[in-house]
Amino acid sequence: MGESIVIATWPFGETAVRAALAELARQRSVLEAAVAGAQAVEDDPTVNSVGYGGLPNALGIVQLDACVMEGTTLNCGSVAGLENVRHAAAVALRVMQRTPHVMLVGEGARQFAQGEGFRLENLLSPAALAEWQRRKAAIASEPGNSRRRRAARKEELSHDTVAVLAGDRRGKLAGACSTSGLALKMPGRVGDSPLIGAGLYVDDAAGAAAGTGVGEEIIRIGGSLLAVEEMRSGRTPQAACEAVIARVIAAAKRRGVPPARVALIALDPAGRVGAACTGDTDFPYAVGRKDRIELFTATPV
Ligand code: ASP
């Protein structure tokens with residue numbers, strides 16, 4: 001790879017890419033850069049799907065999922081159902097660095113984070129609380145299985161993870177993702193984002209990939225690992241993302257349901273990127289190199 005490169009999901013991916021590039025410019029590792037990228041979005045109160053200000057679960061409690069992975073060693077860490085700590089990706093990094101484990105959940109994850117010096121706080125912003133109340137009321141006011149109730153439920157499923165993939169000039173790769181999960185999710189529900197191989201997978205020998213969208217559909221096919229394996233077998237990141245999205249669509253067909261909204265990003269050790277999505281709307285993502293950050297849109301497969 002000739003230069004450092006960072007790719008991140010959604011328009012707020014620009015924020016993530018900017019923060020990650022700044023870390024790389026300070027000679028930080030690709031892993032530190034990816035975590036810094038996720039953290040910049042976790043700190044943004046206007047993003048209601050990540051970190052502070054994320055939309056809560058059905059009970060009104062914000063529960064965060066996150067993971068990190070480093071492509072040289074395959075070291076990884078993750079947290080799920082983490083409450084009261086906004087920097088979920090950084091906690092996942094500590095799980096990787098300070099424990100012999102890969103994943104901590106719920107109260108154990110919170111206690112670990114507190115022991116590591118992370119500040120406990122209320123993550124429910126006034127705006128997220130108001131939005132949660134509005135959506136709850138919209139669902140409650142629509143009877144049975146009406147079209148509007150289904151629309152309200154669909155809105156409930158619309159949510160966006162920040163996933164950040166970073167690569168440096170030597171071809172070292174790392175990634176981080178962080179989310180509050182599906183809005184109004186069932187308490188205890190865990191999506192793809194903290195699951196290594198589903199929401200994120202990174203291997204310097206092949207490539208890096210991360211997902212966003214309805215996590216259940218990404219978990220079902222092992223989305224990120226599958227994309228990395230496609231790159232290992234010679235596909236470009238773009239072809240790998242498209243192959244995984246085709247698999248999501250095929251899986252939905254087998255189950256007799258319409259394909260859910262899913263998107264994928266990928267980066268290979270040569271610095272090539274890819275992105276693809278299902279659905280009927282485009283998927284915006286940001287790509288940053290030393291001197292420029294650009295927003296692109298992937299069109300549905
Ligand atoms: N993938 C996340 C989840 O299922 C949500 C999203 O990215 O939209 O929790």
# chains A, B, ... in the order shown; residues from 1 in each chain; ligands from 1
$ residues_around --residues "Leu21 (chain A)" --least-positions-apart "6" --cutoff "8 Å" --atoms "only C-alpha atoms" --output "PyMOL selection string"
chain A and resi 4-6+33+288-290
$ closest_atom_pairs --of "chain A" --to "ligand 1" --cutoff "6 Å" --atoms "only C-alpha atoms and all ligand atoms" --output "tab-separated table"
residue	atom	partner	partner_atom_place_in_ligand_line	distance
A:His159	CA	ligand 1	8 (O)	3.7
A:Asp160	CA	ligand 1	8 (O)	3.5
A:Thr161	CA	ligand 1	7 (O)	3.7
A:Gly181	CA	ligand 1	9 (O)	3.3
A:Leu182	CA	ligand 1	9 (O)	4.9
A:Gly191	CA	ligand 1	9 (O)	3.9
A:Asp192	CA	ligand 1	4 (O)	5.4
A:Ser193	CA	ligand 1	1 (N)	5.5
A:Thr212	CA	ligand 1	7 (O)	3.5
A:Gly213	CA	ligand 1	8 (O)	3.6
A:Val214	CA	ligand 1	4 (O)	4.4
A:Gly215	CA	ligand 1	4 (O)	3.2
$ residues_around --residues "Asp282 (chain A)" --least-positions-apart "2" --cutoff "10 Å" --atoms "only C-alpha atoms" --output "ChimeraX atom specification"
/A:263,276-280,284-285,296-301
$ write_last_selection --atoms "N, CA and C atoms" --output "compact mmCIF listing (two decimals), in the first residue's frame"
# COMPACT_ATOMS: atom_id res chain seq x y z
N ALA A 263 -25.17 -3.50 4.79
CA ALA A 263 -24.09 -2.93 3.96
C ALA A 263 -22.75 -3.40 4.49
N ALA A 276 -20.69 -2.33 -0.58
CA ALA A 276 -21.90 -2.79 -1.27
C ALA A 276 -23.03 -2.88 -0.26
N CYS A 277 -24.26 -2.88 -0.76
CA CYS A 277 -25.41 -2.92 0.15
C CYS A 277 -26.60 -3.62 -0.51
N THR A 278 -27.53 -4.03 0.33
CA THR A 278 -28.82 -4.52 -0.14
C THR A 278 -29.78 -3.33 -0.15
N GLY A 279 -31.01 -3.62 -0.48
CA GLY A 279 -32.06 -2.64 -0.23
C GLY A 279 -32.38 -1.76 -1.40
N ASP A 280 -33.14 -0.71 -1.11
CA ASP A 280 -33.55 0.17 -2.20
C ASP A 280 -32.99 1.57 -2.05
N PRO A 284 -23.97 5.40 1.92
CA PRO A 284 -22.84 6.33 1.90
C PRO A 284 -21.70 5.87 2.83
N TYR A 285 -20.48 6.09 2.38
CA TYR A 285 -19.32 5.76 3.23
C TYR A 285 -18.19 6.72 2.90
N PHE A 296 -18.45 8.61 -0.63
CA PHE A 296 -18.93 7.84 -1.78
C PHE A 296 -20.28 7.21 -1.44
N THR A 297 -20.98 6.74 -2.45
CA THR A 297 -22.18 5.96 -2.18
C THR A 297 -22.14 4.66 -2.96
N ALA A 298 -22.42 3.58 -2.24
CA ALA A 298 -22.54 2.28 -2.91
C ALA A 298 -24.00 2.11 -3.30
N THR A 299 -24.22 1.58 -4.48
CA THR A 299 -25.61 1.33 -4.90
C THR A 299 -25.96 -0.12 -4.58
N PRO A 300 -27.24 -0.39 -4.34
CA PRO A 300 -27.63 -1.74 -3.96
C PRO A 300 -27.26 -2.79 -4.99
N VAL A 301 -26.85 -3.97 -4.51
CA VAL A 301 -26.51 -5.09 -5.40
C VAL A 301 -27.79 -5.64 -6.01
$ closest_residue --among "A:Glu116, A:Glu131, A:Asp203, A:Glu83" --to "Pro187 (chain A)" --atoms "only C-alpha atoms"
A:Glu83
$ residues_around --residues "Gly271 (chain A)" --least-positions-apart "5" --cutoff "8 Å" --atoms "only C-alpha atoms" --output "JSON, numbers by chain"
{"A": [1, 2, 3, 4, 5, 167, 171]}
$ write_last_selection --atoms "all heavy atoms" --output "JSON list (two decimals), in the first residue's frame"
[["chain", "number", "residue", "atom", "x", "y", "z"],
["A", 1, "MET", "N", 0.86, -1.19, 0.00],
["A", 1, "MET", "CA", 0.00, 0.00, 0.00],
["A", 1, "MET", "C", 0.90, 1.24, 0.00],
["A", 1, "MET", "O", 1.81, 1.34, 0.82],
["A", 1, "MET", "CB", -0.86, -0.10, 1.27],
["A", 1, "MET", "CG", -1.74, 1.03, 1.56],
["A", 1, "MET", "SD", -2.86, 0.86, 2.98],
["A", 1, "MET", "CE", -3.33, -0.84, 3.11],
["A", 2, "GLY", "N", 0.68, 2.17, -0.92],
["A", 2, "GLY", "CA", 1.55, 3.33, -1.03],
["A", 2, "GLY", "C", 1.36, 4.36, 0.08],
["A", 2, "GLY", "O", 2.29, 5.05, 0.49],
["A", 3, "GLU", "N", 0.15, 4.46, 0.58],
["A", 3, "GLU", "CA", -0.14, 5.48, 1.60],
["A", 3, "GLU", "C", -1.17, 4.93, 2.57],
["A", 3, "GLU", "O", -1.84, 3.94, 2.29],
["A", 3, "GLU", "CB", -0.69, 6.74, 0.92],
["A", 3, "GLU", "CG", -1.91, 6.47, 0.06],
["A", 3, "GLU", "CD", -2.44, 7.70, -0.67],
["A", 3, "GLU", "OE1", -1.95, 8.81, -0.43],
["A", 3, "GLU", "OE2", -3.37, 7.54, -1.48],
["A", 4, "SER", "N", -1.29, 5.62, 3.71],
["A", 4, "SER", "CA", -2.29, 5.19, 4.69],
["A", 4, "SER", "C", -3.68, 5.46, 4.13],
["A", 4, "SER", "O", -3.89, 6.41, 3.38],
["A", 4, "SER", "CB", -2.12, 5.98, 5.98],
["A", 4, "SER", "OG", -0.86, 5.71, 6.52],
["A", 5, "ILE", "N", -4.62, 4.62, 4.54],
["A", 5, "ILE", "CA", -5.98, 4.79, 4.06],
["A", 5, "ILE", "C", -6.95, 4.35, 5.14],
["A", 5, "ILE", "O", -6.68, 3.41, 5.91],
["A", 5, "ILE", "CB", -6.20, 4.00, 2.74],
["A", 5, "ILE", "CG1", -7.62, 4.16, 2.23],
["A", 5, "ILE", "CG2", -5.85, 2.54, 2.89],
["A", 5, "ILE", "CD1", -7.79, 3.75, 0.77],
["A", 167, "GLY", "N", -5.58, 1.13, 7.18],
["A", 167, "GLY", "CA", -4.40, 0.44, 6.68],
["A", 167, "GLY", "C", -3.24, 1.40, 6.57],
["A", 167, "GLY", "O", -3.46, 2.59, 6.29],
["A", 171, "GLY", "N", 1.01, -2.06, 4.81],
["A", 171, "GLY", "CA", -0.01, -3.08, 4.59],
["A", 171, "GLY", "C", -0.58, -3.65, 5.87],
["A", 171, "GLY", "O", -1.25, -4.68, 5.86]]
$ closest_residue --among "A:Thr179, A:Thr281, A:Thr15, A:Gln133" --to "Asp44 (chain A)" --atoms "only C-alpha atoms"
A:Thr15
$ residues_around --residues "Ser29 (chain A)" --least-positions-apart "4" --cutoff "9 Å" --atoms "only C-alpha atoms" --output "VMD selection string"
chain A and resid 23 to 24 33 to 34 168 172 174
$ closest_residue --among "A:Ile221, A:Leu120, A:Leu165, A:Ala266" --to "Arg235 (chain A)" --atoms "only C-alpha atoms"
A:Ala266
$ atom_distance --atom1 "CA of Arg169 (chain A)" --atom2 "CA of Leu295 (chain A)"
21.7 Å
$ select_by_dssp --residues "region 197-231 of chain A" --states "strand (DSSP E)" --output "list in words"
Leu200, Tyr201, Val202, Asp203, Gly207, Ala208, Ala209, Ala210, Gly211, Thr212 and Gly213 of chain A
$ write_last_selection --atoms "all heavy atoms" --output "short mmCIF file (atom, residue, chain, number, x, y, z; two decimals), in the first residue's frame"
data_model
loop_
_atom_site.label_atom_id
_atom_site.label_comp_id
_atom_site.auth_asym_id
_atom_site.auth_seq_id
_atom_site.Cartn_x
_atom_site.Cartn_y
_atom_site.Cartn_z
N LEU A 200 -17.07 -7.58 12.08
CA LEU A 200 -15.70 -7.15 11.76
C LEU A 200 -14.78 -8.35 11.64
O LEU A 200 -14.89 -9.29 12.43
CB LEU A 200 -15.18 -6.23 12.88
CG LEU A 200 -13.73 -5.73 12.76
CD1 LEU A 200 -13.59 -4.70 11.64
CD2 LEU A 200 -13.26 -5.11 14.08
N TYR A 201 -13.90 -8.30 10.66
CA TYR A 201 -12.80 -9.27 10.63
C TYR A 201 -11.62 -8.63 9.91
O TYR A 201 -11.80 -7.91 8.92
CB TYR A 201 -13.19 -10.58 9.93
CG TYR A 201 -12.24 -11.69 10.32
CD1 TYR A 201 -12.35 -12.31 11.56
CD2 TYR A 201 -11.19 -12.06 9.48
CE1 TYR A 201 -11.44 -13.29 11.95
CE2 TYR A 201 -10.28 -13.04 9.87
CZ TYR A 201 -10.42 -13.65 11.11
OH TYR A 201 -9.51 -14.61 11.51
N VAL A 202 -10.43 -8.89 10.43
CA VAL A 202 -9.23 -8.25 9.86
C VAL A 202 -8.07 -9.25 9.86
O VAL A 202 -7.77 -9.86 10.89
CB VAL A 202 -8.81 -7.01 10.70
CG1 VAL A 202 -7.67 -6.28 10.01
CG2 VAL A 202 -9.98 -6.08 10.95
N ASP A 203 -7.44 -9.40 8.71
CA ASP A 203 -6.28 -10.28 8.59
C ASP A 203 -5.34 -9.65 7.56
O ASP A 203 -5.70 -9.55 6.37
CB ASP A 203 -6.75 -11.68 8.13
CG ASP A 203 -5.59 -12.67 8.02
OD1 ASP A 203 -4.42 -12.24 8.02
OD2 ASP A 203 -5.88 -13.87 7.90
N GLY A 207 -7.21 -9.21 4.11
CA GLY A 207 -7.96 -7.96 4.03
C GLY A 207 -8.78 -7.73 5.29
O GLY A 207 -8.70 -8.51 6.25
N ALA A 208 -9.58 -6.66 5.25
CA ALA A 208 -10.40 -6.29 6.40
C ALA A 208 -11.80 -6.00 5.89
O ALA A 208 -11.97 -5.48 4.79
CB ALA A 208 -9.83 -5.05 7.08
N ALA A 209 -12.81 -6.35 6.70
CA ALA A 209 -14.19 -6.06 6.30
C ALA A 209 -15.02 -5.80 7.53
O ALA A 209 -14.72 -6.29 8.63
CB ALA A 209 -14.77 -7.24 5.51
N ALA A 210 -16.08 -5.00 7.35
CA ALA A 210 -16.98 -4.69 8.46
C ALA A 210 -18.38 -4.47 7.92
O ALA A 210 -18.56 -4.08 6.76
CB ALA A 210 -16.50 -3.45 9.21
N GLY A 211 -19.37 -4.71 8.79
CA GLY A 211 -20.76 -4.62 8.35
C GLY A 211 -21.56 -3.59 9.11
O GLY A 211 -21.17 -3.13 10.19
N THR A 212 -22.70 -3.24 8.53
CA THR A 212 -23.68 -2.41 9.22
C THR A 212 -25.04 -2.77 8.65
O THR A 212 -25.14 -3.36 7.58
CB THR A 212 -23.36 -0.90 9.04
OG1 THR A 212 -24.38 -0.14 9.71
CG2 THR A 212 -23.31 -0.48 7.59
N GLY A 213 -26.08 -2.44 9.40
CA GLY A 213 -27.42 -2.83 8.99
C GLY A 213 -27.99 -3.86 9.94
O GLY A 213 -27.51 -3.96 11.08
#
$ atom_distance --atom1 "CA of Gly77 (chain A)" --atom2 "CA of Ala92 (chain A)"
4.8 Å
$ select_by_dssp --residues "region 74-285 of chain A" --states "helix (DSSP H, G or I)" --output "PyMOL selection string"
chain A and resi 88-98+106-115+126-141+147-157+215-221+223-232+237-255
$ decode --residues "region 199-210 of chain A" --atoms "all heavy atoms" --output "CSV table (one decimal), in the first residue's frame"
chain,number,residue,atom,x,y,z
A,199,GLY,N,-19.5,-8.7,12.5
A,199,GLY,CA,-19.5,-7.3,12.2
A,199,GLY,C,-18.1,-6.8,11.8
A,199,GLY,O,-18.0,-5.7,11.2
A,200,LEU,N,-17.1,-7.6,12.1
A,200,LEU,CA,-15.7,-7.1,11.8
A,200,LEU,C,-14.8,-8.3,11.6
A,200,LEU,O,-14.9,-9.3,12.4
A,200,LEU,CB,-15.2,-6.2,12.9
A,200,LEU,CG,-13.7,-5.7,12.8
A,200,LEU,CD1,-13.6,-4.7,11.6
A,200,LEU,CD2,-13.3,-5.1,14.1
A,201,TYR,N,-13.9,-8.3,10.7
A,201,TYR,CA,-12.8,-9.3,10.6
A,201,TYR,C,-11.6,-8.6,9.9
A,201,TYR,O,-11.8,-7.9,8.9
A,201,TYR,CB,-13.2,-10.6,9.9
A,201,TYR,CG,-12.2,-11.7,10.3
A,201,TYR,CD1,-12.3,-12.3,11.6
A,201,TYR,CD2,-11.2,-12.1,9.5
A,201,TYR,CE1,-11.4,-13.3,12.0
A,201,TYR,CE2,-10.3,-13.0,9.9
A,201,TYR,CZ,-10.4,-13.6,11.1
A,201,TYR,OH,-9.5,-14.6,11.5
A,202,VAL,N,-10.4,-8.9,10.4
A,202,VAL,CA,-9.2,-8.2,9.9
A,202,VAL,C,-8.1,-9.2,9.9
A,202,VAL,O,-7.8,-9.9,10.9
A,202,VAL,CB,-8.8,-7.0,10.7
A,202,VAL,CG1,-7.7,-6.3,10.0
A,202,VAL,CG2,-10.0,-6.1,10.9
A,203,ASP,N,-7.4,-9.4,8.7
A,203,ASP,CA,-6.3,-10.3,8.6
A,203,ASP,C,-5.3,-9.7,7.6
A,203,ASP,O,-5.7,-9.6,6.4
A,203,ASP,CB,-6.7,-11.7,8.1
A,203,ASP,CG,-5.6,-12.7,8.0
A,203,ASP,OD1,-4.4,-12.2,8.0
A,203,ASP,OD2,-5.9,-13.9,7.9
A,204,ASP,N,-4.2,-9.2,8.0
A,204,ASP,CA,-3.2,-8.6,7.1
A,204,ASP,C,-2.9,-9.5,5.9
A,204,ASP,O,-2.5,-8.9,4.8
A,204,ASP,CB,-1.9,-8.4,7.8
A,204,ASP,CG,-1.9,-7.2,8.8
A,204,ASP,OD1,-3.0,-6.6,8.9
A,204,ASP,OD2,-0.8,-7.0,9.4
A,205,ALA,N,-3.1,-10.8,6.0
A,205,ALA,CA,-2.7,-11.7,4.9
A,205,ALA,C,-3.8,-11.7,3.8
A,205,ALA,O,-3.6,-12.2,2.7
A,205,ALA,CB,-2.5,-13.1,5.4
A,206,ALA,N,-5.0,-11.1,4.1
A,206,ALA,CA,-6.1,-11.1,3.2
A,206,ALA,C,-6.8,-9.8,3.0
A,206,ALA,O,-7.1,-9.4,1.9
A,206,ALA,CB,-7.0,-12.2,3.6
A,207,GLY,N,-7.2,-9.2,4.1
A,207,GLY,CA,-8.0,-8.0,4.0
A,207,GLY,C,-8.8,-7.7,5.3
A,207,GLY,O,-8.7,-8.5,6.2
A,208,ALA,N,-9.6,-6.7,5.3
A,208,ALA,CA,-10.4,-6.3,6.4
A,208,ALA,C,-11.8,-6.0,5.9
A,208,ALA,O,-12.0,-5.5,4.8
A,208,ALA,CB,-9.8,-5.1,7.1
A,209,ALA,N,-12.8,-6.3,6.7
A,209,ALA,CA,-14.2,-6.1,6.3
A,209,ALA,C,-15.0,-5.8,7.5
A,209,ALA,O,-14.7,-6.3,8.6
A,209,ALA,CB,-14.8,-7.2,5.5
A,210,ALA,N,-16.1,-5.0,7.3
A,210,ALA,CA,-17.0,-4.7,8.5
A,210,ALA,C,-18.4,-4.5,7.9
A,210,ALA,O,-18.6,-4.1,6.8
A,210,ALA,CB,-16.5,-3.4,9.2
